[in-house]
$ cat target01.txt   # compact mmCIF, C-alpha atoms
# COMPACT_ATOMS: atom_id res chain seq x y z
CA MET S 1 43.62 -2.33 -202.64
CA SER S 2 41.59 -5.17 -201.21
CA VAL S 3 38.97 -7.04 -203.19
CA PHE S 4 36.45 -5.73 -200.63
CA ILE S 5 36.99 -2.23 -202.02
CA ILE S 6 36.88 -3.40 -205.65
CA PHE S 7 33.26 -4.48 -205.22
CA SER S 8 32.29 -1.12 -203.79
CA SER S 9 31.04 0.09 -207.18
CA LYS S 10 28.24 -2.46 -207.35
CA GLY S 11 27.83 -3.14 -203.64
CA PHE S 12 26.76 -6.38 -202.01
CA ILE S 13 23.90 -8.83 -202.17
CA LEU S 14 22.33 -9.56 -198.78
CA LEU S 15 21.02 -13.10 -199.15
CA GLY S 16 18.82 -12.93 -196.05
CA PHE S 17 16.51 -15.94 -196.00
CA ALA S 18 17.22 -17.00 -199.58
CA ASP S 19 17.28 -20.64 -198.38
CA ARG S 20 13.86 -20.13 -196.74
CA PRO S 21 11.94 -17.79 -199.05
CA TRP S 22 8.64 -18.57 -197.32
CA LEU S 23 9.91 -16.62 -194.29
CA GLU S 24 10.39 -13.38 -196.20
CA PHE S 25 6.77 -12.21 -196.41
CA PRO S 26 5.92 -12.91 -192.72
CA ILE S 27 9.11 -11.12 -191.61
CA PHE S 28 8.31 -8.20 -193.94
CA VAL S 29 4.85 -7.88 -192.36
CA ILE S 30 6.27 -8.15 -188.82
CA LEU S 31 8.83 -5.42 -189.56
CA LEU S 32 6.13 -3.25 -191.12
CA ILE S 33 4.17 -3.48 -187.86
CA THR S 34 6.95 -3.45 -185.25
CA TYR S 35 9.05 -0.60 -186.68
CA PRO S 36 6.32 2.08 -186.32
CA MET S 37 5.48 0.60 -182.90
CA ALA S 38 9.12 0.90 -181.82
CA MET S 39 9.34 4.50 -183.03
CA MET S 40 6.05 5.59 -181.46
CA GLY S 41 6.72 3.78 -178.17
CA ASN S 42 10.19 5.25 -177.73
CA ILE S 43 9.07 8.74 -178.80
CA ALA S 44 6.28 8.52 -176.20
CA ILE S 45 8.83 7.59 -173.49
CA ILE S 46 11.09 10.51 -174.49
CA LEU S 47 8.20 13.00 -174.54
CA VAL S 48 6.70 11.92 -171.22
CA CYS S 49 10.11 12.02 -169.49
CA LYS S 50 10.69 15.55 -170.81
CA ILE S 51 7.18 16.89 -170.13
CA ASP S 52 6.38 15.41 -166.71
CA ALA S 53 8.27 17.20 -163.93
CA HIS S 54 8.05 14.10 -161.69
CA LEU S 55 10.28 12.24 -164.16
CA HIS S 56 13.12 14.77 -164.17
CA SER S 57 15.53 12.47 -162.32
CA PRO S 58 18.71 10.58 -163.33
CA MET S 59 16.82 7.30 -163.80
CA TYR S 60 14.55 8.84 -166.44
CA LEU S 61 17.36 10.81 -168.05
CA PHE S 62 19.05 7.46 -168.72
CA LEU S 63 15.75 5.97 -169.87
CA THR S 64 15.32 8.85 -172.35
CA ASN S 65 18.77 8.12 -173.76
CA LEU S 66 17.97 4.41 -173.97
CA SER S 67 14.80 5.19 -175.95
CA PHE S 68 16.74 7.47 -178.31
CA LEU S 69 19.38 4.76 -178.74
CA ASP S 70 16.72 2.15 -179.53
CA MET S 71 15.20 4.43 -182.17
CA CYS S 72 18.59 4.93 -183.85
CA TYR S 73 19.47 1.25 -183.43
CA THR S 74 16.38 -0.09 -185.20
CA THR S 75 16.41 2.69 -187.83
CA SER S 76 19.97 1.75 -188.83
CA ILE S 77 18.77 -1.64 -190.11
CA VAL S 78 14.98 -1.91 -190.56
CA PRO S 79 14.48 0.40 -193.60
CA GLN S 80 17.14 -1.56 -195.51
CA MET S 81 15.60 -4.87 -194.40
CA LEU S 82 12.15 -3.76 -195.60
CA PHE S 83 13.58 -2.65 -198.94
CA ASN S 84 15.40 -5.96 -199.48
CA LEU S 85 12.55 -8.17 -198.30
CA GLY S 86 10.20 -6.38 -200.69
CA ASN S 87 12.67 -6.41 -203.58
CA SER S 88 14.11 -9.27 -205.63
CA LYS S 89 17.56 -7.64 -205.99
CA LYS S 90 18.38 -7.48 -202.25
CA THR S 91 21.42 -5.25 -202.75
CA ILE S 92 23.19 -2.67 -200.61
CA SER S 93 25.88 -0.28 -201.81
CA TYR S 94 29.38 -0.40 -200.33
CA VAL S 95 28.86 3.03 -198.76
CA GLY S 96 25.48 1.90 -197.40
CA CYS S 97 27.05 -1.26 -195.97
CA ALA S 98 29.89 0.66 -194.33
CA LEU S 99 27.49 3.27 -192.91
CA GLN S 100 25.21 0.56 -191.53
CA LEU S 101 28.22 -1.21 -190.02
CA TYR S 102 29.37 1.93 -188.18
CA LEU S 103 25.88 2.98 -187.02
CA PHE S 104 24.72 -0.47 -185.90
CA SER S 105 27.98 -1.12 -184.04
CA THR S 106 27.94 2.29 -182.35
CA MET S 107 24.35 1.93 -181.14
CA GLY S 108 24.82 -1.67 -179.96
CA ALA S 109 28.01 -0.95 -178.00
CA THR S 110 26.60 2.25 -176.50
CA GLU S 111 23.46 0.43 -175.35
CA CYS S 112 25.56 -2.27 -173.64
CA LEU S 113 27.39 0.41 -171.65
CA LEU S 114 24.29 2.51 -170.96
CA LEU S 115 22.50 -0.50 -169.42
CA ALA S 116 25.47 -0.86 -167.05
CA VAL S 117 25.26 2.83 -166.12
CA MET S 118 21.52 2.43 -165.46
CA SER S 119 22.19 -0.49 -163.11
CA PHE S 120 24.76 1.65 -161.25
CA ASP S 121 22.11 4.35 -160.88
CA ARG S 122 19.72 1.80 -159.31
CA TYR S 123 22.52 0.55 -157.03
CA VAL S 124 23.19 4.06 -155.70
CA ALA S 125 19.44 4.79 -155.33
CA ILE S 126 18.77 1.66 -153.26
CA CYS S 127 22.07 0.93 -151.52
CA ARG S 128 23.23 4.55 -150.96
CA PRO S 129 19.95 6.51 -150.81
CA LEU S 130 21.29 9.30 -148.56
CA HIS S 131 24.12 10.04 -151.00
CA TYR S 132 22.07 9.58 -154.19
CA THR S 133 21.59 13.26 -155.08
CA LEU S 134 25.25 13.95 -154.32
CA ILE S 135 26.62 11.07 -156.40
CA MET S 136 24.11 11.13 -159.28
CA ASN S 137 24.02 14.88 -159.85
CA GLN S 138 23.30 16.29 -163.31
CA ARG S 139 26.96 16.85 -164.18
CA ILE S 140 27.89 13.25 -163.33
CA CYS S 141 24.89 11.88 -165.27
CA ILE S 142 25.76 13.86 -168.40
CA LEU S 143 29.39 12.78 -168.04
CA LEU S 144 28.40 9.10 -167.77
CA ILE S 145 26.13 9.36 -170.82
CA SER S 146 28.89 11.12 -172.80
CA ILE S 147 31.40 8.41 -171.87
CA THR S 148 29.03 5.63 -173.02
CA TRP S 149 28.55 7.33 -176.40
CA LEU S 150 32.27 8.02 -176.78
CA CYS S 151 33.18 4.40 -175.94
CA GLY S 152 30.50 3.07 -178.32
CA LEU S 153 31.77 5.30 -181.11
CA THR S 154 35.40 4.30 -180.43
CA TYR S 155 34.47 0.61 -180.56
CA ALA S 156 32.57 1.04 -183.84
CA ILE S 157 35.28 3.08 -185.56
CA SER S 158 38.06 0.68 -184.56
CA GLU S 159 36.25 -2.63 -185.18
CA ALA S 160 34.32 -1.63 -188.30
CA THR S 161 37.40 -0.06 -189.88
CA LEU S 162 39.44 -3.21 -189.21
CA THR S 163 36.66 -5.34 -190.70
CA LEU S 164 36.43 -3.20 -193.82
CA GLN S 165 40.12 -3.85 -194.52
CA LEU S 166 39.48 -7.59 -195.01
CA SER S 167 39.46 -9.12 -198.47
CA LEU S 168 36.40 -11.01 -199.67
CA CYS S 169 38.29 -12.62 -202.58
CA GLY S 170 35.67 -11.67 -205.14
CA ILE S 171 32.67 -12.58 -202.99
CA ASN S 172 29.94 -9.94 -203.03
CA LYS S 173 27.24 -12.02 -201.34
CA LEU S 174 26.67 -11.76 -197.60
CA ASP S 175 24.56 -14.46 -195.98
CA HIS S 176 22.79 -12.03 -193.66
CA LEU S 177 20.00 -9.45 -193.45
CA LEU S 178 22.45 -6.60 -192.82
CA CYS S 179 26.12 -5.71 -192.70
CA GLU S 180 27.38 -6.90 -189.31
CA ILE S 181 30.95 -7.37 -188.11
CA PRO S 182 30.98 -11.11 -187.19
CA VAL S 183 29.35 -12.14 -190.49
CA LEU S 184 31.74 -9.99 -192.56
CA ILE S 185 34.71 -11.52 -190.75
CA LYS S 186 33.34 -15.03 -191.31
CA THR S 187 32.74 -14.30 -195.03
CA ALA S 188 36.22 -12.85 -195.59
CA CYS S 189 39.04 -15.01 -196.88
CA GLY S 190 42.71 -15.07 -196.00
CA GLU S 191 44.21 -14.36 -192.60
CA LYS S 192 41.61 -13.06 -190.15
CA LYS S 193 42.84 -14.27 -186.76
CA ALA S 194 43.82 -10.70 -185.85
CA ASN S 195 40.25 -9.54 -186.54
CA ASP S 196 38.80 -12.37 -184.47
CA LEU S 197 41.15 -11.55 -181.60
CA ALA S 198 40.46 -7.80 -181.80
CA LEU S 199 36.69 -8.41 -181.78
CA SER S 200 36.93 -10.80 -178.82
CA VAL S 201 39.04 -8.39 -176.78
CA ALA S 202 36.78 -5.43 -177.61
CA CYS S 203 33.65 -7.42 -176.73
CA ILE S 204 35.10 -8.40 -173.36
CA PHE S 205 35.17 -4.68 -172.49
CA ILE S 206 31.89 -3.83 -174.23
CA ILE S 207 29.80 -6.86 -173.20
CA ALA S 208 31.44 -9.06 -170.54
CA VAL S 209 32.77 -6.36 -168.18
CA PRO S 210 29.53 -4.28 -168.17
CA LEU S 211 27.49 -7.45 -167.62
CA CYS S 212 29.65 -8.38 -164.63
CA LEU S 213 29.16 -4.87 -163.21
CA ILE S 214 25.40 -5.20 -163.72
CA LEU S 215 25.29 -8.56 -161.95
CA ALA S 216 27.43 -7.21 -159.08
CA SER S 217 25.14 -4.17 -158.77
CA TYR S 218 22.02 -6.31 -158.64
CA ALA S 219 23.57 -8.71 -156.14
CA SER S 220 24.12 -5.73 -153.82
CA ILE S 221 20.62 -4.42 -154.60
CA ALA S 222 19.04 -7.80 -153.77
CA HIS S 223 20.94 -7.89 -150.48
CA ALA S 224 19.76 -4.36 -149.63
CA ILE S 225 16.14 -5.13 -150.58
CA LEU S 226 16.07 -8.17 -148.30
CA LYS S 227 17.06 -5.90 -145.40
CA ILE S 228 14.04 -3.63 -145.94
CA LYS S 229 11.51 -4.47 -143.21
CA SER S 230 8.42 -3.07 -144.93
CA SER S 231 6.88 -5.35 -147.58
CA GLU S 232 5.64 -2.22 -149.39
CA GLY S 233 9.19 -0.85 -149.42
CA ARG S 234 10.58 -4.12 -150.78
CA LYS S 235 7.89 -4.19 -153.47
CA LYS S 236 8.63 -0.62 -154.55
CA ALA S 237 12.41 -1.21 -154.65
CA PHE S 238 11.94 -4.40 -156.64
CA GLY S 239 9.54 -2.66 -159.03
CA THR S 240 12.04 0.04 -159.94
CA CYS S 241 14.67 -2.59 -160.85
CA SER S 242 12.69 -5.44 -162.42
CA SER S 243 11.97 -3.69 -165.73
CA HIS S 244 15.64 -2.80 -166.21
CA LEU S 245 16.75 -6.32 -165.30
CA ILE S 246 14.37 -7.81 -167.90
CA VAL S 247 15.78 -5.48 -170.58
CA VAL S 248 19.35 -6.42 -169.58
CA PHE S 249 18.75 -10.17 -170.01
CA LEU S 250 16.85 -9.68 -173.28
CA PHE S 251 19.64 -7.56 -174.76
CA TYR S 252 22.77 -9.24 -173.40
CA GLY S 253 21.65 -12.83 -174.11
CA PRO S 254 21.62 -12.53 -177.93
CA ALA S 255 24.67 -10.22 -177.87
CA ILE S 256 26.72 -12.82 -175.99
CA SER S 257 25.63 -15.60 -178.35
CA MET S 258 26.73 -13.50 -181.35
CA TYR S 259 29.87 -11.69 -180.24
CA LEU S 260 31.51 -13.78 -177.52
CA GLN S 261 32.25 -16.80 -179.68
CA PRO S 262 34.64 -17.37 -182.63
CA THR S 263 33.14 -16.14 -185.91
CA SER S 264 33.94 -19.51 -187.50
CA SER S 265 31.50 -21.27 -185.16
CA ILE S 266 28.53 -19.05 -186.04
CA SER S 267 25.83 -21.05 -187.83
CA ARG S 268 24.17 -19.84 -191.03
CA ASN S 269 20.83 -18.54 -189.75
CA HIS S 270 21.79 -17.70 -186.16
CA PRO S 271 22.98 -14.12 -186.93
CA LYS S 272 19.77 -13.37 -188.86
CA PHE S 273 17.41 -14.32 -186.03
CA MET S 274 19.64 -12.63 -183.43
CA ALA S 275 19.75 -9.40 -185.48
CA LEU S 276 15.96 -9.44 -185.74
CA PHE S 277 15.70 -9.96 -182.01
CA TYR S 278 18.13 -7.36 -180.62
CA GLY S 279 17.80 -4.93 -183.53
CA VAL S 280 14.02 -5.03 -184.00
CA MET S 281 12.14 -6.81 -181.21
CA ILE S 282 13.99 -5.30 -178.23
CA PRO S 283 13.53 -1.65 -179.33
CA THR S 284 9.83 -2.50 -179.85
CA ILE S 285 9.18 -4.16 -176.49
CA ASN S 286 11.40 -1.94 -174.28
CA PRO S 287 8.81 0.89 -174.05
CA PHE S 288 6.13 -1.64 -173.07
CA ILE S 289 8.37 -3.20 -170.40
CA TYR S 290 9.16 0.18 -168.84
CA THR S 291 5.53 1.34 -169.11
CA LEU S 292 3.83 -1.78 -167.77
CA ARG S 293 6.26 -2.32 -164.90
CA ASN S 294 6.78 1.31 -163.87
CA LYS S 295 3.92 3.12 -162.14
CA ASP S 296 5.50 6.55 -162.59
CA VAL S 297 5.88 6.20 -166.35
CA LYS S 298 2.44 4.58 -166.66
CA GLY S 299 0.85 7.40 -164.70
CA ALA S 300 2.69 10.11 -166.64
CA LEU S 301 1.65 8.56 -169.97
CA GLY S 302 -1.95 8.44 -168.75
CA ASN S 303 -1.80 12.11 -167.75
CA MET S 304 -0.27 13.09 -171.09
CA GLY S 305 -2.95 11.12 -172.96
CA ARG S 306 -5.75 12.74 -170.95
CA SER S 307 -4.34 16.23 -171.50
CA ILE S 308 -4.17 15.62 -175.27
CA PHE S 309 -7.77 14.41 -175.41
CA CYS S 310 -8.96 17.27 -173.18
CA SER S 311 -7.24 19.87 -175.38
CA LYS S 312 -8.90 18.34 -178.45
CA GLY S 313 -12.25 18.48 -176.65
CA ILE S 314 -11.79 22.16 -175.94
CA TYR S 315 -11.26 23.04 -179.56
$ encode --input "target01.txt" --output "structure tokens"
Amino acid sequence: MSVFIIFSSKGFILLGFADRPWLEFPIFVILLITYPMAMMGNIAIILVCKIDAHLHSPMYLFLTNLSFLDMCYTTSIVPQMLFNLGNSKKTISYVGCALQLYLFSTMGATECLLLAVMSFDRYVAICRPLHYTLIMNQRICILLISITWLCGLTYAISEATLTLQLSLCGINKLDHLLCEIPVLIKTACGEKKANDLALSVACIFIIAVPLCLILASYASIAHAILKIKSSEGRKKAFGTCSSHLIVVFLFYGPAISMYLQPTSSISRNHPKFMALFYGVMIPTINPFIYTLRNKDVKGALGNMGRSIFCSKGIY
């Protein structure tokens, strides 16, 4: 039995910003504001995509799944962060740590793959418009979504399970805000080259390959947009892609800086700020990006808001 398991009875201490205690209260307040915003924003996106008949297309089916993912993603870490930032003990049980590790890894990997699927959808819509309904039919869309979830779950089960086998040699303090694979590998003692290698290989398929597919899709999209003679047509085509492209860069940038480098080279506070960014800020700002830069979603939200206020006026 590894020492990691021995400490399961009393759990772990998440040090967070113990070296910078003055940061704890501002971060606590930010989380207290952004978490409800993230939940409400993503719930609004899901509701409007389900209610408005004009949004019953593959693009918005994927967007609904992205919003659901973001809700699960941020919920897997923020409640524990709020508890620890508002508490002097800052502990998490072994079971809680393992559960967080599996959930956070599943959601993160699934989102990486889903963003690639969404870029493929935009590629087909703009570069193969006559075949769009044939290629992106409901059965194919559901299959693609199922594959992203299955791959994300497979990644989490394999990598998190391997990480939980490592020995911490009596250490029950994690210099992080949550239980995350790279930090646990860095904290562990003994031989961990196999874990580093397994994480690197897995992240090539989960992060690098999807990102290359996204870039290839958008290179083809850009080429197709430049061929459109109408300036209005170019503007509309660009508008449907720009919000997704912004989300891609916001999500993949921090993920690359965390997962596509050796765990030994990760600095002390880098994982904490990155976790706050891709686990808290991105799920909060995604609904605003898709709303502000998408006329269809903006219009549907406006219609839903007006119908709610009108119904209240009636009664």
$ closest_residue --input "target01.txt" --among "S:Leu115, S:Met59, S:Leu162, S:Leu66" --to "Leu215 in chain S" --atoms "only C-alpha atoms"
S:Leu115
$ closest_residue --input "target01.txt" --among "S:Leu184, S:Ala202, S:Leu276, S:Leu153" --to "Ser264 in chain S" --atoms "all atoms listed in the file"
S:Leu184
$ residues_around --input "target01.txt" --residues "range 227-244 of chain S" --least-positions-apart "4" --cutoff "7 Å" --atoms "all atoms listed in the file" --output "list in words"
Arg122, His223, Val248, Ile289, Tyr290, Arg293 and Asn294 of chain S
$ closest_residue --input "target01.txt" --among "S:Ser217, S:Gln261, S:Trp149, S:Asp196" --to "Tyr123 in chain S" --atoms "all atoms listed in the file"
S:Ser217
$ residues_near_point --input "target01.txt" --point "(19.2, -8.4, -178.3)" --cutoff "9 Å" --atoms "all atoms listed in the file" --output "PDB file with C-alpha atoms, in the frame of the given file"
ATOM      1  CA  GLY S 108      24.820  -1.670-179.960  1.00  0.00           C
ATOM      2  CA  VAL S 247      15.780  -5.480-170.580  1.00  0.00           C
ATOM      3  CA  VAL S 248      19.350  -6.420-169.580  1.00  0.00           C
ATOM      4  CA  PHE S 249      18.750 -10.170-170.010  1.00  0.00           C
ATOM      5  CA  LEU S 250      16.850  -9.680-173.280  1.00  0.00           C
ATOM      6  CA  PHE S 251      19.640  -7.560-174.760  1.00  0.00           C
ATOM      7  CA  TYR S 252      22.770  -9.240-173.400  1.00  0.00           C
ATOM      8  CA  GLY S 253      21.650 -12.830-174.110  1.00  0.00           C
ATOM      9  CA  PRO S 254      21.620 -12.530-177.930  1.00  0.00           C
ATOM     10  CA  ALA S 255      24.670 -10.220-177.870  1.00  0.00           C
ATOM     11  CA  MET S 274      19.640 -12.630-183.430  1.00  0.00           C
ATOM     12  CA  ALA S 275      19.750  -9.400-185.480  1.00  0.00           C
ATOM     13  CA  LEU S 276      15.960  -9.440-185.740  1.00  0.00           C
ATOM     14  CA  PHE S 277      15.700  -9.960-182.010  1.00  0.00           C
ATOM     15  CA  TYR S 278      18.130  -7.360-180.620  1.00  0.00           C
ATOM     16  CA  GLY S 279      17.800  -4.930-183.530  1.00  0.00           C
ATOM     17  CA  VAL S 280      14.020  -5.030-184.000  1.00  0.00           C
ATOM     18  CA  MET S 281      12.140  -6.810-181.210  1.00  0.00           C
ATOM     19  CA  ILE S 282      13.990  -5.300-178.230  1.00  0.00           C
ATOM     20  CA  PRO S 283      13.530  -1.650-179.330  1.00  0.00           C
TER      21      PRO S 283
END
$ closest_residue --input "target01.txt" --among "S:Val78, S:Ala109, S:Val117, S:Ile204" --to "Leu150 in chain S" --atoms "all atoms listed in the file"
S:Ala109
$ residues_around --input "target01.txt" --residues "Pro271 in chain S" --least-positions-apart "4" --cutoff "12 Å" --atoms "all atoms listed in the file" --output "NGL selection string"
:S and (16-17 or 174-184 or 186 or 254-259 or 263 or 265-267 or 275-279)
$ closest_residue --input "target01.txt" --among "S:Cys169, S:Leu31, S:Pro129, S:Pro262" --to "Ala194 in chain S" --atoms "all atoms listed in the file"
S:Pro262
$ closest_residue --input "target01.txt" --among "S:Pro210, S:Gly96, S:Pro36, S:Gly190" --to "Thr148 in chain S" --atoms "all atoms listed in the file"
S:Pro210
$ atom_distance --input "target01.txt" --atom1 "CA of Tyr35 in chain S" --atom2 "CA of His56 in chain S"
27.6 Å
$ atom_distance --input "target01.txt" --atom1 "CA of Ala222 in chain S" --atom2 "CA of Leu69 in chain S"
28.0 Å
$ atom_distance --input "target01.txt" --atom1 "CA of Phe104 in chain S" --atom2 "CA of Ile92 in chain S"
15.0 Å
$ residues_around --input "target01.txt" --residues "Phe28 in chain S" --least-positions-apart "6" --cutoff "8 Å" --atoms "all atoms listed in the file" --output "short mmCIF file (atom, residue, chain, number, x, y, z; two decimals) with C-alpha atoms, in the coordinates of the input"
data_model
loop_
_atom_site.label_atom_id
_atom_site.label_comp_id
_atom_site.auth_asym_id
_atom_site.auth_seq_id
_atom_site.Cartn_x
_atom_site.Cartn_y
_atom_site.Cartn_z
CA LEU S 82 12.15 -3.76 -195.60
CA LEU S 85 12.55 -8.17 -198.30
CA GLY S 86 10.20 -6.38 -200.69
#
$ decode --input "target01.txt" --residues "range 63-86 of chain S" --atoms "N, CA, C and O atoms" --output "mmCIF file, in the first residue's frame"
data_model
loop_
_atom_site.group_PDB
_atom_site.id
_atom_site.type_symbol
_atom_site.label_atom_id
_atom_site.label_comp_id
_atom_site.auth_asym_id
_atom_site.auth_seq_id
_atom_site.Cartn_x
_atom_site.Cartn_y
_atom_site.Cartn_z
ATOM 1 N N LEU S 63 -23.093 23.836 -28.690
ATOM 2 C CA LEU S 63 -22.982 24.940 -27.737
ATOM 3 C C LEU S 63 -23.677 24.598 -26.421
ATOM 4 O O LEU S 63 -23.173 24.920 -25.339
ATOM 5 N N THR S 64 -24.817 23.928 -26.494
ATOM 6 C CA THR S 64 -25.531 23.476 -25.297
ATOM 7 C C THR S 64 -24.666 22.520 -24.477
ATOM 8 O O THR S 64 -24.588 22.629 -23.254
ATOM 9 N N ASN S 65 -24.004 21.611 -25.171
ATOM 10 C CA ASN S 65 -23.117 20.667 -24.482
ATOM 11 C C ASN S 65 -21.916 21.371 -23.869
ATOM 12 O O ASN S 65 -21.473 21.010 -22.784
ATOM 13 N N LEU S 66 -21.394 22.386 -24.570
ATOM 14 C CA LEU S 66 -20.277 23.160 -24.036
ATOM 15 C C LEU S 66 -20.693 23.877 -22.754
ATOM 16 O O LEU S 66 -19.936 23.906 -21.772
ATOM 17 N N SER S 67 -21.892 24.454 -22.748
ATOM 18 C CA SER S 67 -22.393 25.158 -21.565
ATOM 19 C C SER S 67 -22.583 24.186 -20.391
ATOM 20 O O SER S 67 -22.242 24.508 -19.254
ATOM 21 N N PHE S 68 -23.106 23.007 -20.693
ATOM 22 C CA PHE S 68 -23.274 21.990 -19.637
ATOM 23 C C PHE S 68 -21.916 21.558 -19.088
ATOM 24 O O PHE S 68 -21.737 21.418 -17.870
ATOM 25 N N LEU S 69 -20.960 21.369 -19.993
ATOM 26 C CA LEU S 69 -19.594 21.011 -19.587
ATOM 27 C C LEU S 69 -18.990 22.071 -18.679
ATOM 28 O O LEU S 69 -18.383 21.763 -17.643
ATOM 29 N N ASP S 70 -19.142 23.348 -19.078
ATOM 30 C CA ASP S 70 -18.591 24.445 -18.286
ATOM 31 C C ASP S 70 -19.201 24.499 -16.895
ATOM 32 O O ASP S 70 -18.507 24.789 -15.912
ATOM 33 N N MET S 71 -20.499 24.217 -16.793
ATOM 34 C CA MET S 71 -21.154 24.189 -15.488
ATOM 35 C C MET S 71 -20.561 23.086 -14.603
ATOM 36 O O MET S 71 -20.274 23.305 -13.424
ATOM 37 N N CYS S 72 -20.395 21.909 -15.179
ATOM 38 C CA CYS S 72 -19.816 20.780 -14.424
ATOM 39 C C CYS S 72 -18.356 21.053 -14.078
ATOM 40 O O CYS S 72 -17.891 20.726 -12.978
ATOM 41 N N TYR S 73 -17.640 21.635 -15.029
ATOM 42 C CA TYR S 73 -16.211 21.922 -14.886
ATOM 43 C C TYR S 73 -15.958 22.838 -13.692
ATOM 44 O O TYR S 73 -15.149 22.543 -12.809
ATOM 45 N N THR S 74 -16.669 23.961 -13.668
ATOM 46 C CA THR S 74 -16.461 24.931 -12.583
ATOM 47 C C THR S 74 -17.020 24.427 -11.256
ATOM 48 O O THR S 74 -16.450 24.691 -10.197
ATOM 49 N N THR S 75 -18.107 23.644 -11.304
ATOM 50 C CA THR S 75 -18.693 23.103 -10.069
ATOM 51 C C THR S 75 -17.787 22.056 -9.426
ATOM 52 O O THR S 75 -17.834 21.857 -8.211
ATOM 53 N N SER S 76 -16.951 21.410 -10.223
ATOM 54 C CA SER S 76 -16.060 20.376 -9.669
ATOM 55 C C SER S 76 -14.951 20.964 -8.794
ATOM 56 O O SER S 76 -14.311 20.239 -8.033
ATOM 57 N N ILE S 77 -14.729 22.293 -8.898
ATOM 58 C CA ILE S 77 -13.632 22.875 -8.110
ATOM 59 C C ILE S 77 -14.019 24.080 -7.250
ATOM 60 O O ILE S 77 -13.471 24.270 -6.168
ATOM 61 N N VAL S 78 -14.972 24.902 -7.713
ATOM 62 C CA VAL S 78 -15.245 26.169 -7.018
ATOM 63 C C VAL S 78 -15.811 25.991 -5.609
ATOM 64 O O VAL S 78 -15.353 26.672 -4.685
ATOM 65 N N PRO S 79 -16.800 25.107 -5.373
ATOM 66 C CA PRO S 79 -17.301 24.956 -3.999
ATOM 67 C C PRO S 79 -16.198 24.608 -2.997
ATOM 68 O O PRO S 79 -16.161 25.149 -1.884
ATOM 69 N N GLN S 80 -15.283 23.716 -3.397
ATOM 70 C CA GLN S 80 -14.172 23.350 -2.517
ATOM 71 C C GLN S 80 -13.224 24.532 -2.306
ATOM 72 O O GLN S 80 -12.729 24.768 -1.203
ATOM 73 N N MET S 81 -12.981 25.294 -3.374
ATOM 74 C CA MET S 81 -12.133 26.490 -3.257
ATOM 75 C C MET S 81 -12.738 27.486 -2.285
ATOM 76 O O MET S 81 -12.033 28.046 -1.432
ATOM 77 N N LEU S 82 -14.034 27.736 -2.406
ATOM 78 C CA LEU S 82 -14.714 28.687 -1.518
ATOM 79 C C LEU S 82 -14.638 28.226 -0.068
ATOM 80 O O LEU S 82 -14.397 29.033 0.839
ATOM 81 N N PHE S 83 -14.835 26.934 0.136
ATOM 82 C CA PHE S 83 -14.768 26.382 1.494
ATOM 83 C C PHE S 83 -13.380 26.576 2.097
ATOM 84 O O PHE S 83 -13.234 27.002 3.240
ATOM 85 N N ASN S 84 -12.343 26.273 1.301
ATOM 86 C CA ASN S 84 -10.967 26.378 1.807
ATOM 87 C C ASN S 84 -10.518 27.821 1.997
ATOM 88 O O ASN S 84 -9.814 28.142 2.952
ATOM 89 N N LEU S 85 -10.919 28.704 1.070
ATOM 90 C CA LEU S 85 -10.529 30.105 1.189
ATOM 91 C C LEU S 85 -11.218 30.782 2.374
ATOM 92 O O LEU S 85 -10.696 31.747 2.932
ATOM 93 N N GLY S 86 -12.376 30.264 2.757
ATOM 94 C CA GLY S 86 -13.087 30.831 3.899
ATOM 95 C C GLY S 86 -12.862 30.075 5.183
ATOM 96 O O GLY S 86 -13.529 30.324 6.198
#
